[in-house]
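Single-structure report; data block below.
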Amino acid sequence: MARLRSKNKAVCQNEECSYYRKEGGKEITQQGKNYAGHQRFLCKHCKVVFVETKGTPMYNRKLSERKIKAICKELVEKKGVRAVERSMHVHRDTISDLLHSLAMHAKEMTAYLVHDLGLSTYEVDELWTFVKKNLKGLSPTTINSLNRAKQLLQLA
Ligand SMILES: [Zn+2]
């Protein structure tokens, strides 16, 4: 079924472009999908193609967005990594890797999880608590990122 055409929210992900992550004046067109089914975009200013997931933990992952969403939902329900491994048929290393990636991008991910994956702010908060508890040896930068994400949730 065809989806309604929506205004594309993508911004250029090329750091060398003068429209890097700028909304105003951007000229981004859709460029089909990659093998994982992610939308590709072309910035008409720098002529660089990027995928919708660039700059998020979804980037360069073989898991589909649907699967990542399902894993996040399971983690929110306080299932352990091994329990999720069994129910989702995804190796535990892949899950911890995803958790690390989520933690590193916590601030950006908060908006993504709430708006695009439809999790409630409460669920996202639970997810960050889970991440902190389950990942030993997080770097100070990552902890900082998680704390900023929690602050954002409290403002929402
Ligand atoms: Zn560009």
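Labels for the structure tokens follow display order: chains A, B, ..., residues from 1 in each chain, ligands from 1.
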Report as a ChimeraX atom specification all protein, DNA and RNA residues lying within 12 Å of Asn144 (chain A), evaluated on only C-alpha atoms, omitting residues in the same chain fewer than 2 positions from it.
/A:103-107,128,132,138-142,146-151
Using DSSP on the backbone coordinates, identify all residues within region 33-98 of chain A classified as helix (DSSP H, G or I); present the result as a PyMOL selection string.
chain A and resi 65-76+81-88+92-98
Top pick for closest residue to ligand 1, considering A:His45, A:His91, A:Lys133, A:Arg66 and counting only C-alpha atoms and all ligand atoms
A:His45
Residues at most 12 Å from ligand 1, using only C-alpha atoms and all ligand atoms? Could they come as a list in words?
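What falls inside 12 Å of ligand 1 is Ala10, Val11, Cys12, Gln13, Asn14, Glu15, Glu16, Cys17, Ser18, Tyr19, Tyr20, Arg21, Lys22, Glu23, Gly25, Lys26, Glu27, Ile28, Thr29, Phe41, Leu42, Cys43, Lys44, His45, Cys46, Lys47, Val48, Val49 and Phe50 of chain A.
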When you look at region 70-84 of chain A with a cut-off of 10 Å (counting only C-alpha atoms), what residues show up, excluding the ones that are within fewer than 6 positions of it in the same chain? I need them as a PyMOL selection string.
chain A and resi 64+90-96+98-99+102+113+117+119+122-131+134
What does the file look like for those residues with N, CA and C atoms, as an mmCIF file, in the first residue's frame?
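Saved to out.cif:
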```cif
data_model
loop_
_atom_site.group_PDB
_atom_site.id
_atom_site.type_symbol
_atom_site.label_atom_id
_atom_site.label_comp_id
_atom_site.auth_asym_id
_atom_site.auth_seq_id
_atom_site.Cartn_x
_atom_site.Cartn_y
_atom_site.Cartn_z
ATOM 1 N N SER A 64 16.624 -5.162 11.317
ATOM 2 C CA SER A 64 15.641 -4.224 10.789
ATOM 3 C C SER A 64 15.166 -3.317 11.918
ATOM 4 N N VAL A 90 18.207 -13.378 18.513
ATOM 5 C CA VAL A 90 19.317 -12.482 18.185
ATOM 6 C C VAL A 90 20.417 -12.781 19.195
ATOM 7 N N HIS A 91 21.646 -12.917 18.736
ATOM 8 C CA HIS A 91 22.740 -13.256 19.636
ATOM 9 C C HIS A 91 22.939 -12.195 20.709
ATOM 10 N N ARG A 92 23.281 -12.630 21.934
ATOM 11 C CA ARG A 92 23.424 -11.672 23.046
ATOM 12 C C ARG A 92 24.483 -10.607 22.790
ATOM 13 N N ASP A 93 25.516 -10.960 22.028
ATOM 14 C CA ASP A 93 26.547 -9.966 21.711
ATOM 15 C C ASP A 93 25.955 -8.832 20.856
ATOM 16 N N THR A 94 25.053 -9.215 19.972
ATOM 17 C CA THR A 94 24.392 -8.220 19.121
ATOM 18 C C THR A 94 23.541 -7.299 19.988
ATOM 19 N N ILE A 95 22.875 -7.897 20.988
ATOM 20 C CA ILE A 95 22.027 -7.104 21.878
ATOM 21 C C ILE A 95 22.875 -6.156 22.731
ATOM 22 N N SER A 96 23.974 -6.670 23.300
ATOM 23 C CA SER A 96 24.811 -5.753 24.107
ATOM 24 C C SER A 96 25.421 -4.669 23.252
ATOM 25 N N LEU A 98 24.032 -3.363 20.638
ATOM 26 C CA LEU A 98 22.947 -2.404 20.407
ATOM 27 C C LEU A 98 22.765 -1.513 21.638
ATOM 28 N N LEU A 99 22.815 -2.129 22.823
ATOM 29 C CA LEU A 99 22.679 -1.369 24.068
ATOM 30 C C LEU A 99 23.775 -0.314 24.197
ATOM 31 N N LEU A 102 23.041 2.425 21.832
ATOM 32 C CA LEU A 102 21.916 3.231 22.345
ATOM 33 C C LEU A 102 22.406 4.200 23.412
ATOM 34 N N LEU A 113 13.303 7.374 19.919
ATOM 35 C CA LEU A 113 12.493 6.319 20.536
ATOM 36 C C LEU A 113 11.087 6.804 20.842
ATOM 37 N N LEU A 117 9.595 5.535 17.299
ATOM 38 C CA LEU A 117 9.238 4.175 17.695
ATOM 39 C C LEU A 117 8.011 4.150 18.597
ATOM 40 N N LEU A 119 7.563 4.890 21.744
ATOM 41 C CA LEU A 119 7.660 4.517 23.156
ATOM 42 C C LEU A 119 7.255 5.731 24.003
ATOM 43 N N TYR A 122 8.101 7.425 29.772
ATOM 44 C CA TYR A 122 8.316 6.533 30.909
ATOM 45 C C TYR A 122 9.079 5.278 30.479
ATOM 46 N N GLU A 123 8.670 4.711 29.342
ATOM 47 C CA GLU A 123 9.338 3.508 28.831
ATOM 48 C C GLU A 123 10.801 3.776 28.489
ATOM 49 N N VAL A 124 11.053 4.947 27.879
ATOM 50 C CA VAL A 124 12.424 5.289 27.509
ATOM 51 C C VAL A 124 13.278 5.463 28.767
ATOM 52 N N ASP A 125 12.693 6.095 29.768
ATOM 53 C CA ASP A 125 13.389 6.278 31.034
ATOM 54 C C ASP A 125 13.772 4.918 31.634
ATOM 55 N N GLU A 126 12.829 3.979 31.578
ATOM 56 C CA GLU A 126 13.071 2.619 32.061
ATOM 57 C C GLU A 126 14.206 1.957 31.277
ATOM 58 N N LEU A 127 14.196 2.217 29.967
ATOM 59 C CA LEU A 127 15.220 1.637 29.107
ATOM 60 C C LEU A 127 16.610 2.130 29.502
ATOM 61 N N TRP A 128 16.738 3.440 29.764
ATOM 62 C CA TRP A 128 18.044 3.988 30.151
ATOM 63 C C TRP A 128 18.493 3.432 31.496
ATOM 64 N N THR A 129 17.539 3.234 32.410
ATOM 65 C CA THR A 129 17.879 2.657 33.704
ATOM 66 C C THR A 129 18.417 1.237 33.494
ATOM 67 N N PHE A 130 17.740 0.513 32.607
ATOM 68 C CA PHE A 130 18.156 -0.849 32.283
ATOM 69 C C PHE A 130 19.564 -0.871 31.678
ATOM 70 N N VAL A 131 19.789 0.032 30.742
ATOM 71 C CA VAL A 131 21.084 0.102 30.062
ATOM 72 C C VAL A 131 22.199 0.330 31.079
ATOM 73 N N ASN A 134 22.816 -2.776 33.185
ATOM 74 C CA ASN A 134 23.326 -3.955 32.495
ATOM 75 C C ASN A 134 24.668 -3.807 31.826
#
```
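Take the candidates A:Asn34, A:His115, A:Leu155, A:His100 and check each one against Gly137 (chain A) using only C-alpha atoms; the shortest distance goes to A:His100.
When only C-alpha atoms are used to measure the gap to Lys69 (chain A), the shortest distance among A:Tyr112, A:Leu152, A:Tyr35, A:Ser145 belongs to A:Tyr112.
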Would you please extract all strand (DSSP E) residues from region 4-127 of chain A, as assigned by DSSP on the backbone, and give them as a list in words?
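Of region 4-127 of chain A, only Ile28, Thr29, Gln30, Gln31, Gly32, Lys33, Gln39, Arg40, Phe41, Leu42, Cys43, Val49, Phe50 and Val51 of chain A fall in strand (DSSP E).
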How many Å lie between CA of Gln31 (chain A) and CA of Lys67 (chain A), rounded to one decimal?
23.6 Å
Atomic distance CA of Lys33 (chain A) - CA of Met109 (chain A), expressed in Å with one decimal:
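About the pair CA of Lys33 (chain A) and CA of Met109 (chain A): they are 21.9 Å apart.
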